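Since the structure comes first, as C-alpha coordinates, the remarks are kept for the end.
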Amino acid sequence: MHIMALLTAAVSGIAMAVQGSLNTDLGKSIGLLAGTFVVQIVGTVFALLLLILGLGRSQWNMLNTVPWYSFLGGVIGVGIVYGVVYSISKVGAAAATTAIIVGQISMAAIVDCFGLFGLEKIPFNMWKGLGIILMAISGWLLLRK
(Lines give C-alpha, C1' and ligand atoms only; values in the text may rest on other atoms or scores of the structure.)
Protein backbone atom coordinates (compact mmCIF):
# COMPACT_ATOMS: atom_id res chain seq x y z
CA MET A 1 0.00 0.00 0.00
CA HIS A 2 1.50 3.34 -1.09
CA ILE A 3 -0.03 5.36 1.74
CA MET A 4 1.95 3.37 4.33
CA ALA A 5 5.19 3.98 2.41
CA LEU A 6 4.45 7.71 2.22
CA LEU A 7 3.57 7.92 5.90
CA THR A 8 6.77 6.07 6.76
CA ALA A 9 8.72 8.52 4.59
CA ALA A 10 7.04 11.49 6.30
CA VAL A 11 7.89 10.13 9.75
CA SER A 12 11.47 9.57 8.56
CA GLY A 13 11.58 13.19 7.43
CA ILE A 14 10.41 14.35 10.84
CA ALA A 15 13.05 12.16 12.47
CA MET A 16 15.74 13.57 10.15
CA ALA A 17 14.92 17.15 11.19
CA VAL A 18 15.08 16.19 14.88
CA GLN A 19 18.25 14.14 14.33
CA GLY A 20 19.96 16.99 12.50
CA SER A 21 19.18 19.37 15.33
CA LEU A 22 20.41 16.91 17.98
CA ASN A 23 23.57 16.21 15.99
CA THR A 24 24.18 19.95 15.65
CA ASP A 25 23.95 20.35 19.42
CA LEU A 26 26.45 17.50 19.86
CA GLY A 27 28.76 19.00 17.22
CA LYS A 28 28.72 22.39 18.97
CA SER A 29 29.83 20.67 22.17
CA ILE A 30 32.57 18.37 20.90
CA GLY A 31 33.29 19.56 17.33
CA LEU A 32 31.76 18.71 13.94
CA LEU A 33 33.94 15.74 13.02
CA ALA A 34 33.99 14.33 16.56
CA GLY A 35 30.21 14.69 16.73
CA THR A 36 29.85 12.94 13.38
CA PHE A 37 32.03 10.09 14.66
CA VAL A 38 30.01 9.70 17.86
CA VAL A 39 26.72 9.69 15.91
CA GLN A 40 28.03 6.92 13.63
CA ILE A 41 29.28 4.85 16.58
CA VAL A 42 25.99 5.20 18.48
CA GLY A 43 24.06 4.27 15.32
CA THR A 44 26.28 1.25 14.73
CA VAL A 45 25.84 0.00 18.29
CA PHE A 46 22.06 0.48 18.05
CA ALA A 47 21.86 -1.38 14.72
CA LEU A 48 23.97 -4.19 16.20
CA LEU A 49 21.60 -4.41 19.18
CA LEU A 50 18.60 -4.67 16.83
CA LEU A 51 20.36 -7.44 14.89
CA ILE A 52 21.19 -9.32 18.09
CA LEU A 53 17.54 -9.07 19.11
CA GLY A 54 16.62 -10.65 15.79
CA LEU A 55 14.70 -7.68 14.44
CA GLY A 56 14.64 -7.17 10.70
CA ARG A 57 15.51 -9.61 7.96
CA SER A 58 19.20 -10.39 7.56
CA GLN A 59 20.73 -12.38 4.73
CA TRP A 60 24.42 -12.26 5.55
CA ASN A 61 25.07 -15.09 3.09
CA MET A 62 24.25 -12.65 0.25
CA LEU A 63 26.90 -10.13 1.34
CA ASN A 64 29.41 -11.29 -1.28
CA THR A 65 26.89 -10.67 -4.08
CA VAL A 66 26.39 -6.99 -3.29
CA PRO A 67 27.94 -4.58 -5.84
CA TRP A 68 31.02 -2.77 -4.48
CA TYR A 69 29.42 0.66 -4.81
CA SER A 70 26.64 -0.33 -2.40
CA PHE A 71 29.17 -0.15 0.43
CA LEU A 72 29.78 3.55 -0.26
CA GLY A 73 26.57 4.31 1.66
CA GLY A 74 28.51 4.23 4.93
CA VAL A 75 31.09 6.71 3.65
CA ILE A 76 28.37 8.93 2.23
CA GLY A 77 26.51 8.69 5.56
CA VAL A 78 29.46 10.29 7.36
CA GLY A 79 29.41 13.12 4.83
CA ILE A 80 25.66 13.53 5.26
CA VAL A 81 25.81 13.79 9.04
CA TYR A 82 28.72 16.24 8.84
CA GLY A 83 26.99 18.34 6.17
CA VAL A 84 23.69 18.44 8.06
CA VAL A 85 25.39 19.51 11.30
CA TYR A 86 27.41 22.17 9.49
CA SER A 87 24.44 23.59 7.58
CA ILE A 88 22.00 23.64 10.51
CA SER A 89 24.57 25.41 12.68
CA LYS A 90 24.94 28.13 10.01
CA VAL A 91 21.39 28.72 8.69
CA GLY A 92 19.04 26.98 11.13
CA ALA A 93 17.02 23.78 10.96
CA ALA A 94 14.20 24.94 8.64
CA ALA A 95 16.36 26.47 5.89
CA ALA A 96 18.97 23.70 6.06
CA THR A 97 16.35 20.96 6.01
CA THR A 98 14.65 22.59 3.02
CA ALA A 99 17.96 22.71 1.15
CA ILE A 100 18.61 19.08 2.11
CA ILE A 101 15.20 18.05 0.79
CA VAL A 102 15.69 19.98 -2.47
CA GLY A 103 19.05 18.24 -2.91
CA GLN A 104 17.54 14.85 -2.07
CA ILE A 105 14.66 15.25 -4.48
CA SER A 106 16.86 16.59 -7.26
CA MET A 107 19.21 13.62 -6.98
CA ALA A 108 16.31 11.20 -6.52
CA ALA A 109 14.76 12.49 -9.76
CA ILE A 110 18.06 11.78 -11.56
CA VAL A 111 18.25 8.30 -10.02
CA ASP A 112 14.66 7.60 -11.04
CA CYS A 113 15.03 9.03 -14.54
CA PHE A 114 18.07 6.91 -15.38
CA GLY A 115 17.20 3.90 -13.22
CA LEU A 116 20.53 4.13 -11.39
CA PHE A 117 21.68 1.51 -8.88
CA GLY A 118 19.35 -1.12 -10.28
CA LEU A 119 16.15 0.83 -9.65
CA GLU A 120 13.24 0.99 -12.06
CA LYS A 121 13.30 3.94 -14.49
CA ILE A 122 10.66 6.56 -13.73
CA PRO A 123 10.45 9.33 -16.35
CA PHE A 124 11.13 12.97 -15.45
CA ASN A 125 8.51 15.50 -16.52
CA MET A 126 7.87 19.22 -16.29
CA TRP A 127 5.68 18.82 -13.18
CA LYS A 128 8.52 17.20 -11.27
CA GLY A 129 10.83 19.97 -12.45
CA LEU A 130 8.34 22.62 -11.36
CA GLY A 131 7.97 20.94 -7.96
CA ILE A 132 11.75 21.01 -7.44
CA ILE A 133 11.92 24.68 -8.47
CA LEU A 134 9.08 25.61 -6.09
CA MET A 135 10.80 23.79 -3.23
CA ALA A 136 14.04 25.64 -3.99
CA ILE A 137 12.11 28.92 -3.85
CA SER A 138 10.67 27.90 -0.48
CA GLY A 139 14.22 27.36 0.80
CA TRP A 140 15.18 30.84 -0.34
CA LEU A 141 12.08 32.29 1.37
CA LEU A 142 12.98 30.52 4.63
CA LEU A 143 16.40 32.21 4.58
CA ARG A 144 14.87 35.69 4.34
CA LYS A 145 14.70 37.57 7.62
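Lettering and numbering for the C-alpha coordinates are positional, with chains as A, B, ... in the shown order, residues counted from 1 in each chain, and ligands counted from 1 in the shown order.
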Per-residue nearest contacts stretch 43-103 of chain A to stretch 111-135 of chain A, cut-off 9 Å, using only C-alpha atoms, as a Markdown table:
```
| residue | atom | partner | partner_atom | distance |
| --- | --- | --- | --- | --- |
| A:Tyr69 | CA | A:Phe117 | CA | 8.8 |
| A:Ser70 | CA | A:Phe117 | CA | 8.4 |
| A:Thr98 | CA | A:Met135 | CA | 7.4 |
| A:Ala99 | CA | A:Met135 | CA | 8.5 |
| A:Ile101 | CA | A:Met135 | CA | 8.3 |
| A:Val102 | CA | A:Met135 | CA | 6.2 |
```
A:Gly79 environment, 12 Å, only C-alpha atoms, sequence neighbours closer than 6 positions dropped, as a list in words: Leu32, Leu33, Thr36, Phe37, Val39, Gln40, Leu72, Gly73, Val85, Tyr86 and Ser87 of chain A
Name the residues of stretch 65-134 of chain A that come out as helix (DSSP H, G or I) in a backbone DSSP run; write them as a PyMOL selection string. chain A and resi 65+68-91+93-114+116-118+126-134
What is the distance between atom CA of A:Arg57 and atom CA of A:Gly13, in Å to one decimal? 23.1 Å
Name all residues at most 7 Å from A:Leu26 (count only C-alpha atoms; drop same-chain ones fewer than 4 positions away) and give them as a ChimeraX atom specification. /A:22,30,35
Report, in Å to a single decimal, how far apart atom CA of A:Val84 and atom CA of A:Gly103 are. 11.9 Å
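If you look at atom CA of A:Val75 and atom CA of A:Ala136, they are 26.6 Å away from each other.
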